[in-house]
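Shown next, in structure tokens, is the structure this report addresses.
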Amino acid sequence: LGVMGAALRPLALPGGEERLAVYLGDVKVDPEVRGGPTLFRLAMAAMAWVGDRTDTAYAVVMDGTDTIPTRYTGRLGIPPFSELGKIMVLRLPTSELEVSSDPTYLTSGEQGMACFSRLSADGYTCLGGDPVQRSETDPVWLVDPDGRACGRLEDTLRAKRLFADDGSEMRSAHLSCFAYADLSSGADLLRHALRLSADRGFPDLFVSVPFGDAPAWREAFRKLEVVLAPATVFGTGLEPASLWNVNVTEI
């Protein structure tokens with residue numbers, strides 16, 4: 001009647017402290033039993049699985065979702081979830097971009113992760129995960145030559161596939177671990193990620209950015225047909241923050 005995914009993973013807090021947290025996702029309930037006890041039973045099963053390993057949890061919910069965590073938490077022994085922050089997911093077409101590939105942006109995983117850790121230190125950062133397990137194409141790191149932006153280009157085709165209402169598959173690239181010191185550097189890196197995505201045969205690229213930067217990103221790519229989809233981070237055991245670094249591959 002329903003399903004819920006739960007994963008224990010390290011979460012970096014603003015300032016650098018790490019905490020073990022439960023990442024909840026893929027909550028689906030059969031429409032015929034919505035409003036019944038299914039969500040409660042799923043939540044209790046997740047709590048039993050977690051046990052005493054942590055009292056911190058979070059979930060990312062796309063805006064417009066009918067049932068959000070605040071509606072079914074905070075009662076019957078389930079810890080209350082509250083809104084912790086927001087992000088914006090961008091989907092950009094790759095075919096309309098006039099930029100050539102620049103190999104100086106390509107770097108090693110160690111250098112890429114070091115840059116990401118430095119640029120994302122002011123917010124919550126979802127750590128861990130192995131992109132090789134979810135990506136059919138080889139994951140590659142891109143870092144701005146001055147170290148002011150970074151991202152890891154991959155896809156989700158080994159683990160998650162998206163289909164449109166007409167049954168056609170939406171094959172897209174994803175830029176995870178995207179962080180930037182300024183929007184100009186981030187935009188330059190994103191353009192190179194779009195070019196590389198096109199070279200790999202992907203018509204679109206997904207990336208998440210801070211919610212407050214969304215208008216600036218729309219303006220930076222005003223010549224492209226950019227689709228914006230807001231999402232909200234809910235959680236318990238954490239303080240609200242304006243910056244959440246969430247990989248689009250994991251939403």
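Every chain in the structure tokens has a letter given in the order shown (A, B, ...), and although residue numbers restart at 1 in each chain, ligands are simply numbered from 1 in the order shown.
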
Please provide as a PDB file with all heavy atoms, in the first residue's frame all residues within 8 Å of range 129-145 of chain A, with the sequence filter that same-chain residues fewer than 2 positions apart are discarded (counting only C-alpha atoms).
ATOM      1  N   THR A 104      40.457  22.576 -19.388  1.00  0.00           N
ATOM      2  CA  THR A 104      41.057  23.094 -18.155  1.00  0.00           C
ATOM      3  C   THR A 104      40.083  23.004 -16.983  1.00  0.00           C
ATOM      4  O   THR A 104      40.501  23.111 -15.823  1.00  0.00           O
ATOM      5  CB  THR A 104      41.507  24.557 -18.330  1.00  0.00           C
ATOM      6  OG1 THR A 104      40.363  25.371 -18.618  1.00  0.00           O
ATOM      7  CG2 THR A 104      42.509  24.678 -19.464  1.00  0.00           C
ATOM      8  N   TYR A 105      38.793  22.805 -17.259  1.00  0.00           N
ATOM      9  CA  TYR A 105      37.805  22.678 -16.183  1.00  0.00           C
ATOM     10  C   TYR A 105      37.780  21.269 -15.590  1.00  0.00           C
ATOM     11  O   TYR A 105      37.264  21.074 -14.482  1.00  0.00           O
ATOM     12  CB  TYR A 105      36.406  23.033 -16.687  1.00  0.00           C
ATOM     13  CG  TYR A 105      36.101  24.515 -16.655  1.00  0.00           C
ATOM     14  CD1 TYR A 105      36.583  25.365 -17.649  1.00  0.00           C
ATOM     15  CD2 TYR A 105      35.339  25.064 -15.635  1.00  0.00           C
ATOM     16  CE1 TYR A 105      36.304  26.720 -17.628  1.00  0.00           C
ATOM     17  CE2 TYR A 105      35.057  26.431 -15.595  1.00  0.00           C
ATOM     18  CZ  TYR A 105      35.546  27.247 -16.602  1.00  0.00           C
ATOM     19  OH  TYR A 105      35.279  28.603 -16.573  1.00  0.00           O
ATOM     20  N   LEU A 106      38.279  20.281 -16.298  1.00  0.00           N
ATOM     21  CA  LEU A 106      38.254  18.906 -15.825  1.00  0.00           C
ATOM     22  C   LEU A 106      39.322  18.683 -14.765  1.00  0.00           C
ATOM     23  O   LEU A 106      40.450  19.160 -14.892  1.00  0.00           O
ATOM     24  CB  LEU A 106      38.466  17.943 -16.986  1.00  0.00           C
ATOM     25  CG  LEU A 106      37.421  18.000 -18.107  1.00  0.00           C
ATOM     26  CD1 LEU A 106      37.782  17.037 -19.225  1.00  0.00           C
ATOM     27  CD2 LEU A 106      36.029  17.688 -17.565  1.00  0.00           C
ATOM     28  N   THR A 107      38.969  17.955 -13.708  1.00  0.00           N
ATOM     29  CA  THR A 107      39.917  17.736 -12.618  1.00  0.00           C
ATOM     30  C   THR A 107      39.634  16.400 -11.958  1.00  0.00           C
ATOM     31  O   THR A 107      38.706  15.674 -12.334  1.00  0.00           O
ATOM     32  CB  THR A 107      39.826  18.881 -11.582  1.00  0.00           C
ATOM     33  OG1 THR A 107      40.896  18.764 -10.652  1.00  0.00           O
ATOM     34  CG2 THR A 107      38.506  18.841 -10.837  1.00  0.00           C
ATOM     35  N   SER A 108      40.416  16.069 -10.950  1.00  0.00           N
ATOM     36  CA  SER A 108      40.273  14.793 -10.246  1.00  0.00           C
ATOM     37  C   SER A 108      39.158  14.873  -9.209  1.00  0.00           C
ATOM     38  O   SER A 108      38.717  15.959  -8.811  1.00  0.00           O
ATOM     39  CB  SER A 108      41.584  14.430  -9.550  1.00  0.00           C
ATOM     40  OG  SER A 108      41.860  15.347  -8.501  1.00  0.00           O
ATOM     41  N   GLY A 109      38.717  13.707  -8.755  1.00  0.00           N
ATOM     42  CA  GLY A 109      37.696  13.662  -7.722  1.00  0.00           C
ATOM     43  C   GLY A 109      38.158  14.287  -6.423  1.00  0.00           C
ATOM     44  O   GLY A 109      37.382  14.945  -5.724  1.00  0.00           O
ATOM     45  N   GLY A 112      38.112  18.060  -6.871  1.00  0.00           N
ATOM     46  CA  GLY A 112      36.733  18.505  -6.974  1.00  0.00           C
ATOM     47  C   GLY A 112      36.034  18.511  -5.625  1.00  0.00           C
ATOM     48  O   GLY A 112      35.348  19.479  -5.266  1.00  0.00           O
ATOM     49  N   CYS A 115      37.259  21.349  -3.394  1.00  0.00           N
ATOM     50  CA  CYS A 115      36.670  22.623  -3.781  1.00  0.00           C
ATOM     51  C   CYS A 115      35.225  22.704  -3.312  1.00  0.00           C
ATOM     52  O   CYS A 115      34.788  23.733  -2.783  1.00  0.00           O
ATOM     53  CB  CYS A 115      36.753  22.796  -5.293  1.00  0.00           C
ATOM     54  SG  CYS A 115      36.123  24.380  -5.914  1.00  0.00           S
ATOM     55  N   LEU A 127      26.498  14.669   2.263  1.00  0.00           N
ATOM     56  CA  LEU A 127      27.754  13.995   1.956  1.00  0.00           C
ATOM     57  C   LEU A 127      27.516  12.529   1.605  1.00  0.00           C
ATOM     58  O   LEU A 127      26.443  11.989   1.803  1.00  0.00           O
ATOM     59  CB  LEU A 127      28.705  14.094   3.153  1.00  0.00           C
ATOM     60  CG  LEU A 127      29.036  15.505   3.644  1.00  0.00           C
ATOM     61  CD1 LEU A 127      29.861  15.440   4.916  1.00  0.00           C
ATOM     62  CD2 LEU A 127      29.774  16.281   2.567  1.00  0.00           C
ATOM     63  N   GLY A 147      39.211  28.149  -8.969  1.00  0.00           N
ATOM     64  CA  GLY A 147      38.663  27.482  -7.795  1.00  0.00           C
ATOM     65  C   GLY A 147      37.428  28.147  -7.226  1.00  0.00           C
ATOM     66  O   GLY A 147      37.115  27.967  -6.050  1.00  0.00           O
ATOM     67  N   ARG A 148      36.670  28.874  -8.055  1.00  0.00           N
ATOM     68  CA  ARG A 148      35.508  29.617  -7.562  1.00  0.00           C
ATOM     69  C   ARG A 148      34.180  28.950  -7.905  1.00  0.00           C
ATOM     70  O   ARG A 148      33.115  29.500  -7.619  1.00  0.00           O
ATOM     71  CB  ARG A 148      35.539  31.046  -8.098  1.00  0.00           C
ATOM     72  CG  ARG A 148      36.784  31.816  -7.665  1.00  0.00           C
ATOM     73  CD  ARG A 148      36.741  33.263  -8.110  1.00  0.00           C
ATOM     74  NE  ARG A 148      35.603  34.001  -7.564  1.00  0.00           N
ATOM     75  CZ  ARG A 148      35.561  34.502  -6.343  1.00  0.00           C
ATOM     76  NH1 ARG A 148      36.601  34.350  -5.517  1.00  0.00           N
ATOM     77  NH2 ARG A 148      34.500  35.168  -5.911  1.00  0.00           N
ATOM     78  N   ALA A 149      34.218  27.775  -8.511  1.00  0.00           N
ATOM     79  CA  ALA A 149      32.995  27.032  -8.812  1.00  0.00           C
ATOM     80  C   ALA A 149      33.373  25.585  -9.081  1.00  0.00           C
ATOM     81  O   ALA A 149      34.496  25.284  -9.515  1.00  0.00           O
ATOM     82  CB  ALA A 149      32.263  27.633 -10.017  1.00  0.00           C
ATOM     83  N   CYS A 150      32.433  24.687  -8.825  1.00  0.00           N
ATOM     84  CA  CYS A 150      32.713  23.266  -9.063  1.00  0.00           C
ATOM     85  C   CYS A 150      31.404  22.517  -9.255  1.00  0.00           C
ATOM     86  O   CYS A 150      30.311  23.007  -8.927  1.00  0.00           O
ATOM     87  CB  CYS A 150      33.486  22.665  -7.881  1.00  0.00           C
ATOM     88  SG  CYS A 150      32.563  22.644  -6.330  1.00  0.00           S
ATOM     89  N   GLY A 151      31.505  21.316  -9.789  1.00  0.00           N
ATOM     90  CA  GLY A 151      30.353  20.450  -9.962  1.00  0.00           C
ATOM     91  C   GLY A 151      30.806  19.114 -10.516  1.00  0.00           C
ATOM     92  O   GLY A 151      31.884  18.995 -11.115  1.00  0.00           O
ATOM     93  N   ARG A 152      29.981  18.096 -10.299  1.00  0.00           N
ATOM     94  CA  ARG A 152      30.283  16.753 -10.807  1.00  0.00           C
ATOM     95  C   ARG A 152      29.185  16.347 -11.777  1.00  0.00           C
ATOM     96  O   ARG A 152      28.020  16.258 -11.422  1.00  0.00           O
ATOM     97  CB  ARG A 152      30.367  15.751  -9.650  1.00  0.00           C
ATOM     98  CG  ARG A 152      30.791  14.348 -10.090  1.00  0.00           C
ATOM     99  CD  ARG A 152      30.932  13.434  -8.873  1.00  0.00           C
ATOM    100  NE  ARG A 152      29.663  13.283  -8.166  1.00  0.00           N
ATOM    101  CZ  ARG A 152      29.564  13.108  -6.842  1.00  0.00           C
ATOM    102  NH1 ARG A 152      30.640  13.073  -6.083  1.00  0.00           N
ATOM    103  NH2 ARG A 152      28.375  12.971  -6.271  1.00  0.00           N
ATOM    104  N   LEU A 153      29.581  16.095 -13.022  1.00  0.00           N
ATOM    105  CA  LEU A 153      28.621  15.740 -14.066  1.00  0.00           C
ATOM    106  C   LEU A 153      28.413  14.234 -14.072  1.00  0.00           C
ATOM    107  O   LEU A 153      29.377  13.461 -14.128  1.00  0.00           O
ATOM    108  CB  LEU A 153      29.131  16.217 -15.427  1.00  0.00           C
ATOM    109  CG  LEU A 153      28.136  16.107 -16.580  1.00  0.00           C
ATOM    110  CD1 LEU A 153      26.956  17.034 -16.366  1.00  0.00           C
ATOM    111  CD2 LEU A 153      28.829  16.407 -17.912  1.00  0.00           C
ATOM    112  N   GLU A 154      27.159  13.826 -14.022  1.00  0.00           N
ATOM    113  CA  GLU A 154      26.812  12.403 -13.992  1.00  0.00           C
ATOM    114  C   GLU A 154      25.387  12.241 -14.491  1.00  0.00           C
ATOM    115  O   GLU A 154      24.784  13.165 -15.023  1.00  0.00           O
ATOM    116  CB  GLU A 154      26.952  11.861 -12.566  1.00  0.00           C
ATOM    117  CG  GLU A 154      26.218  12.694 -11.514  1.00  0.00           C
ATOM    118  CD  GLU A 154      26.368  12.122 -10.117  1.00  0.00           C
ATOM    119  OE1 GLU A 154      25.838  11.019  -9.885  1.00  0.00           O
ATOM    120  OE2 GLU A 154      26.998  12.784  -9.260  1.00  0.00           O
ATOM    121  N   ASP A 155      24.824  11.044 -14.320  1.00  0.00           N
ATOM    122  CA  ASP A 155      23.406  10.826 -14.599  1.00  0.00           C
ATOM    123  C   ASP A 155      22.871   9.842 -13.561  1.00  0.00           C
ATOM    124  O   ASP A 155      23.600   9.440 -12.652  1.00  0.00           O
ATOM    125  CB  ASP A 155      23.185  10.317 -16.035  1.00  0.00           C
ATOM    126  CG  ASP A 155      23.850   8.967 -16.297  1.00  0.00           C
ATOM    127  OD1 ASP A 155      23.399   7.960 -15.693  1.00  0.00           O
ATOM    128  OD2 ASP A 155      24.805   8.902 -17.093  1.00  0.00           O
ATOM    129  N   THR A 156      21.614   9.476 -13.678  1.00  0.00           N
ATOM    130  CA  THR A 156      20.998   8.586 -12.681  1.00  0.00           C
ATOM    131  C   THR A 156      20.471   7.300 -13.303  1.00  0.00           C
ATOM    132  O   THR A 156      19.692   6.579 -12.667  1.00  0.00           O
ATOM    133  CB  THR A 156      19.827   9.294 -11.977  1.00  0.00           C
ATOM    134  OG1 THR A 156      18.787   9.544 -12.944  1.00  0.00           O
ATOM    135  CG2 THR A 156      20.265  10.604 -11.356  1.00  0.00           C
ATOM    136  N   LEU A 157      20.893   6.995 -14.535  1.00  0.00           N
ATOM    137  CA  LEU A 157      20.210   5.961 -15.306  1.00  0.00           C
ATOM    138  C   LEU A 157      20.385   4.549 -14.747  1.00  0.00           C
ATOM    139  O   LEU A 157      19.621   3.648 -15.101  1.00  0.00           O
ATOM    140  CB  LEU A 157      20.691   6.015 -16.763  1.00  0.00           C
ATOM    141  CG  LEU A 157      20.353   7.329 -17.489  1.00  0.00           C
ATOM    142  CD1 LEU A 157      20.931   7.327 -18.891  1.00  0.00           C
ATOM    143  CD2 LEU A 157      18.851   7.544 -17.527  1.00  0.00           C
ATOM    144  N   ARG A 158      21.369   4.317 -13.888  1.00  0.00           N
ATOM    145  CA  ARG A 158      21.503   3.008 -13.258  1.00  0.00           C
ATOM    146  C   ARG A 158      20.544   2.840 -12.070  1.00  0.00           C
ATOM    147  O   ARG A 158      20.305   1.722 -11.621  1.00  0.00           O
ATOM    148  CB  ARG A 158      22.939   2.774 -12.768  1.00  0.00           C
ATOM    149  CG  ARG A 158      23.975   2.619 -13.861  1.00  0.00           C
ATOM    150  CD  ARG A 158      25.319   2.223 -13.265  1.00  0.00           C
ATOM    151  NE  ARG A 158      26.368   2.211 -14.257  1.00  0.00           N
ATOM    152  CZ  ARG A 158      26.642   1.173 -15.045  1.00  0.00           C
ATOM    153  NH1 ARG A 158      25.927   0.067 -14.940  1.00  0.00           N
ATOM    154  NH2 ARG A 158      27.631   1.232 -15.918  1.00  0.00           N
ATOM    155  N   ALA A 159      20.044   3.962 -11.549  1.00  0.00           N
ATOM    156  CA  ALA A 159      19.259   3.888 -10.313  1.00  0.00           C
ATOM    157  C   ALA A 159      17.873   4.513 -10.436  1.00  0.00           C
ATOM    158  O   ALA A 159      16.959   4.120  -9.719  1.00  0.00           O
ATOM    159  CB  ALA A 159      20.023   4.590  -9.188  1.00  0.00           C
ATOM    160  N   LYS A 160      17.694   5.483 -11.317  1.00  0.00           N
ATOM    161  CA  LYS A 160      16.422   6.199 -11.407  1.00  0.00           C
ATOM    162  C   LYS A 160      16.214   6.646 -12.841  1.00  0.00           C
ATOM    163  O   LYS A 160      17.093   7.255 -13.446  1.00  0.00           O
ATOM    164  CB  LYS A 160      16.451   7.405 -10.463  1.00  0.00           C
ATOM    165  CG  LYS A 160      15.235   8.307 -10.554  1.00  0.00           C
ATOM    166  CD  LYS A 160      15.324   9.449  -9.548  1.00  0.00           C
ATOM    167  CE  LYS A 160      16.475  10.387  -9.845  1.00  0.00           C
ATOM    168  NZ  LYS A 160      16.512  11.539  -8.905  1.00  0.00           N
ATOM    169  N   SER A 185      31.145  33.014 -11.937  1.00  0.00           N
ATOM    170  CA  SER A 185      31.977  31.807 -12.029  1.00  0.00           C
ATOM    171  C   SER A 185      31.114  30.563 -12.146  1.00  0.00           C
ATOM    172  O   SER A 185      31.425  29.636 -12.905  1.00  0.00           O
ATOM    173  CB  SER A 185      32.878  31.705 -10.801  1.00  0.00           C
ATOM    174  OG  SER A 185      33.762  32.804 -10.719  1.00  0.00           O
ATOM    175  N   LEU A 189      30.995  27.800 -15.345  1.00  0.00           N
ATOM    176  CA  LEU A 189      31.154  26.361 -15.169  1.00  0.00           C
ATOM    177  C   LEU A 189      29.918  25.616 -15.666  1.00  0.00           C
ATOM    178  O   LEU A 189      30.028  24.556 -16.303  1.00  0.00           O
ATOM    179  CB  LEU A 189      31.418  26.028 -13.704  1.00  0.00           C
ATOM    180  CG  LEU A 189      31.724  24.547 -13.430  1.00  0.00           C
ATOM    181  CD1 LEU A 189      32.926  24.398 -12.513  1.00  0.00           C
ATOM    182  CD2 LEU A 189      30.522  23.830 -12.825  1.00  0.00           C
ATOM    183  N   ALA A 193      29.465  22.570 -18.368  1.00  0.00           N
ATOM    184  CA  ALA A 193      28.749  21.333 -18.041  1.00  0.00           C
ATOM    185  C   ALA A 193      27.656  21.057 -19.073  1.00  0.00           C
ATOM    186  O   ALA A 193      27.440  19.897 -19.463  1.00  0.00           O
ATOM    187  CB  ALA A 193      28.155  21.432 -16.642  1.00  0.00           C
TER     188      ALA A 193
END

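Secondary structure from DSSP on the backbone puts strand (DSSP E) at the following positions of range 57-90 of chain A: Ala57, Tyr58, Ala59, Val60, Val61, Met62, Ser82, Glu83, Leu84, Gly85, Lys86, Ile87, Met88, Val89 and Leu90 of chain A.
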
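As for CA of Pro210 in chain A and CA of Asp146 in chain A, they are spaced 21.5 Å apart.
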
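Straight-line separation from CA of Leu90 in chain A to CA of Val209 in chain A: 7.6 Å.
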
Residues of range 45-78 of chain A that have any atom at most 12 Å from an atom of range 19-36 of chain A: could you tabulate them with the shortest-distance atom pair and the distance in Å to one decimal, using only C-alpha atoms, ordered by chain and increasing number, as JSON lines?
{"residue": "A:Ala46", "atom": "CA", "partner": "A:Leu24", "partner_atom": "CA", "distance": 8.9}
{"residue": "A:Met47", "atom": "CA", "partner": "A:Val22", "partner_atom": "CA", "distance": 9.7}
{"residue": "A:Trp49", "atom": "CA", "partner": "A:Val22", "partner_atom": "CA", "distance": 10.4}
{"residue": "A:Val50", "atom": "CA", "partner": "A:Val22", "partner_atom": "CA", "distance": 7.8}
{"residue": "A:Gly51", "atom": "CA", "partner": "A:Val22", "partner_atom": "CA", "distance": 11.0}
{"residue": "A:Asp52", "atom": "CA", "partner": "A:Leu20", "partner_atom": "CA", "distance": 11.3}
{"residue": "A:Arg53", "atom": "CA", "partner": "A:Leu20", "partner_atom": "CA", "distance": 8.0}
{"residue": "A:Thr54", "atom": "CA", "partner": "A:Ala21", "partner_atom": "CA", "distance": 6.3}
{"residue": "A:Asp55", "atom": "CA", "partner": "A:Ala21", "partner_atom": "CA", "distance": 7.4}
{"residue": "A:Thr56", "atom": "CA", "partner": "A:Ala21", "partner_atom": "CA", "distance": 4.9}
{"residue": "A:Ala57", "atom": "CA", "partner": "A:Val22", "partner_atom": "CA", "distance": 4.4}
{"residue": "A:Tyr58", "atom": "CA", "partner": "A:Tyr23", "partner_atom": "CA", "distance": 5.3}
{"residue": "A:Ala59", "atom": "CA", "partner": "A:Leu24", "partner_atom": "CA", "distance": 5.0}
{"residue": "A:Val60", "atom": "CA", "partner": "A:Gly25", "partner_atom": "CA", "distance": 7.2}
{"residue": "A:Val61", "atom": "CA", "partner": "A:Gly25", "partner_atom": "CA", "distance": 8.2}
{"residue": "A:Met62", "atom": "CA", "partner": "A:Gly25", "partner_atom": "CA", "distance": 11.0}
{"residue": "A:Thr65", "atom": "CA", "partner": "A:Val27", "partner_atom": "CA", "distance": 10.8}
{"residue": "A:Asp66", "atom": "CA", "partner": "A:Arg34", "partner_atom": "CA", "distance": 10.7}
{"residue": "A:Thr67", "atom": "CA", "partner": "A:Arg34", "partner_atom": "CA", "distance": 9.5}
{"residue": "A:Ile68", "atom": "CA", "partner": "A:Val27", "partner_atom": "CA", "distance": 10.0}
{"residue": "A:Pro69", "atom": "CA", "partner": "A:Val27", "partner_atom": "CA", "distance": 10.0}
{"residue": "A:Arg71", "atom": "CA", "partner": "A:Gly35", "partner_atom": "CA", "distance": 10.6}
{"residue": "A:Tyr72", "atom": "CA", "partner": "A:Gly35", "partner_atom": "CA", "distance": 9.8}

Nearest-residue call for Ala43 in chain A, choices A:Phe211, A:Gly64, A:Val3, A:Leu8, using only C-alpha atoms: A:Val3

Could you tell me how far CA of Pro215 in chain A sits from CA of Ser242 in chain A, in Å to one decimal place? 15.6 Å

Closest of A:Ala229, A:Leu190, A:Ala121, A:Leu224 to Pro14 in chain A, counting only C-alpha atoms, is A:Ala121

Counting only C-alpha atoms, what is within 7 Å of range 74-85 of chain A, bar same-chain residues fewer than 4 positions away, as a list in words? Pro69, Thr70, Thr232, Val233, Phe234, Gly235, Thr236, Glu239, Pro240, Ala241, Ser242 and Trp244 of chain A

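Of the residues in range 28-182 of chain A, those that DSSP places in alpha helix (DSSP H) on the basis of the backbone are Thr38, Leu39, Phe40, Arg41, Leu42, Ala43, Met44, Ala45, Ala46, Met47, Ala48, Trp49, Val50, Gly109, Glu110, Gln111, Gly112, Met113, Ala114, Cys115, Phe116, Ser117, Arg118 and Leu119 of chain A.
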
Mind dumping the selected residues with C-alpha atoms as a PDB file, in the first residue's frame?
ATOM      1  CA  THR A  38      -0.317   3.681   5.835  1.00  0.00           C
ATOM      2  CA  LEU A  39       1.912   6.750   6.288  1.00  0.00           C
ATOM      3  CA  PHE A  40       1.938   6.221  10.055  1.00  0.00           C
ATOM      4  CA  ARG A  41       2.982   2.573   9.651  1.00  0.00           C
ATOM      5  CA  LEU A  42       5.766   3.565   7.231  1.00  0.00           C
ATOM      6  CA  ALA A  43       7.060   6.227   9.633  1.00  0.00           C
ATOM      7  CA  MET A  44       7.039   3.805  12.572  1.00  0.00           C
ATOM      8  CA  ALA A  45       8.892   1.186  10.513  1.00  0.00           C
ATOM      9  CA  ALA A  46      11.537   3.761   9.554  1.00  0.00           C
ATOM     10  CA  MET A  47      11.959   4.770  13.211  1.00  0.00           C
ATOM     11  CA  ALA A  48      12.354   1.139  14.245  1.00  0.00           C
ATOM     12  CA  TRP A  49      15.030   0.633  11.570  1.00  0.00           C
ATOM     13  CA  VAL A  50      16.952   3.747  12.662  1.00  0.00           C
ATOM     14  CA  GLY A 109      37.696  13.662  -7.722  1.00  0.00           C
ATOM     15  CA  GLU A 110      39.967  14.660  -4.835  1.00  0.00           C
ATOM     16  CA  GLN A 111      40.395  18.224  -6.099  1.00  0.00           C
ATOM     17  CA  GLY A 112      36.733  18.505  -6.974  1.00  0.00           C
ATOM     18  CA  MET A 113      35.545  17.362  -3.557  1.00  0.00           C
ATOM     19  CA  ALA A 114      38.031  19.665  -1.813  1.00  0.00           C
ATOM     20  CA  CYS A 115      36.670  22.623  -3.781  1.00  0.00           C
ATOM     21  CA  PHE A 116      33.084  21.609  -3.046  1.00  0.00           C
ATOM     22  CA  SER A 117      33.764  21.291   0.688  1.00  0.00           C
ATOM     23  CA  ARG A 118      35.305  24.754   0.749  1.00  0.00           C
ATOM     24  CA  LEU A 119      32.570  26.480  -1.260  1.00  0.00           C
TER      25      LEU A 119
END

Would you mind listing what lies within 7 Å of Val248 in chain A as a ChimeraX atom specification, with only C-alpha atoms counted and same-chain residues fewer than 4 positions away left out? /A:174,176,206-208

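Compared by their closest atoms to Leu13 in chain A, and using only C-alpha atoms, the residues A:Ala164, A:Val227, A:Cys126, A:Ala187 rank with A:Cys126 nearest.
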
The residue from A:Gly128, A:Leu1, A:Asp165, A:Asp213 with the smallest atom-to-atom distance to Pro37 in chain A, counting only C-alpha atoms, is A:Leu1

So, counting only C-alpha atoms, which residue among A:Arg171, A:Arg218, A:Ala179, A:Ala12 is closest to Arg200 in chain A? A:Arg171
